[in-house]
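Here is the structure we will look at, set down as structure tokens.
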Amino acid sequence: MQRALFRATQRRLVSLQPLGDRILVKKDPSTRETKSGIMLPKEEKVVDATVLAVGPGSKDHTMQLKKGDRVLLPEWGGQKIKQGGDEQFLYRESEILCVYRE
């Protein structure tokens with residue numbers, strides 16, 4: 001019953017705001033396309049992602065990431081959240097491998 005309640009609540013979510021030192025990211029597609037149109041999986045052990053939302057941090061930790069940052073994540077980890085047709089993931093900021101800005 002509790003699981004059914006969570007699913008019903010999850011469908012109504014409009015936006016998510018992470019708490020504490022967590023960030024919400026959307027992973028980039030894990031495939032690449034060849035010149036002939038064949039889709040190949042990436043072979044890297046890290047994943048590119050875009051930061052969608054950042055928690056407020058805590059009194060001991062100020063957040064270094066901000067919305068829109070591009071980050072590298074470990075291949076495994078994070079908490080998957082399905083919202084509509086999108087998959088988003090919650091990570092602690094300390095789990096992020098690096099941030100890159102142009």
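Chain labels A, B, ... are given in the sequence in which chains occur in the structure tokens; within each chain residues are numbered consecutively from 1, and ligands are likewise numbered from 1 in the order shown.
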Fill in: Contact residues around Asp21 (chain A) with only C-alpha atoms at 7 Å, ignoring same-chain residues under 4 positions, as a PyMOL selection string
chain A and resi 55-58+63+92-93
Worksheet item: Counting only C-alpha atoms, what is within 12 Å of Arg22 (chain A), bar same-chain residues fewer than 5 positions away, as a PyMOL selection string?
Response: chain A and resi 16-17+51-58+61-66+78-79+89-96
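Straight-line separation from CA of Asp28 (chain A) to CA of Gly84 (chain A): 16.9 Å.
Nearest residue to Pro18 (chain A), choosing from A:Gly85, A:Leu72, A:Tyr100, A:Lys67 and counting only C-alpha atoms: A:Lys67.
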Item to complete: From the DSSP assignment of the backbone, select every residue of region 59-95 of chain A that is strand (DSSP E), and format the answer as a ChimeraX atom specification.
Response: /A:70-74,79-83,86-92
Worksheet entry | Residue nearest Trp76 (chain A) - candidates A:Val46, A:Lys27, A:Gly20, A:Val99, atoms counted: only C-alpha atoms | A:Val46
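Across the structure, CA of Ser36 (chain A) and CA of Asp48 (chain A) are spaced 23.9 Å apart.
Going from CA of Gly68 (chain A) to CA of Val25 (chain A) covers 9.3 Å.
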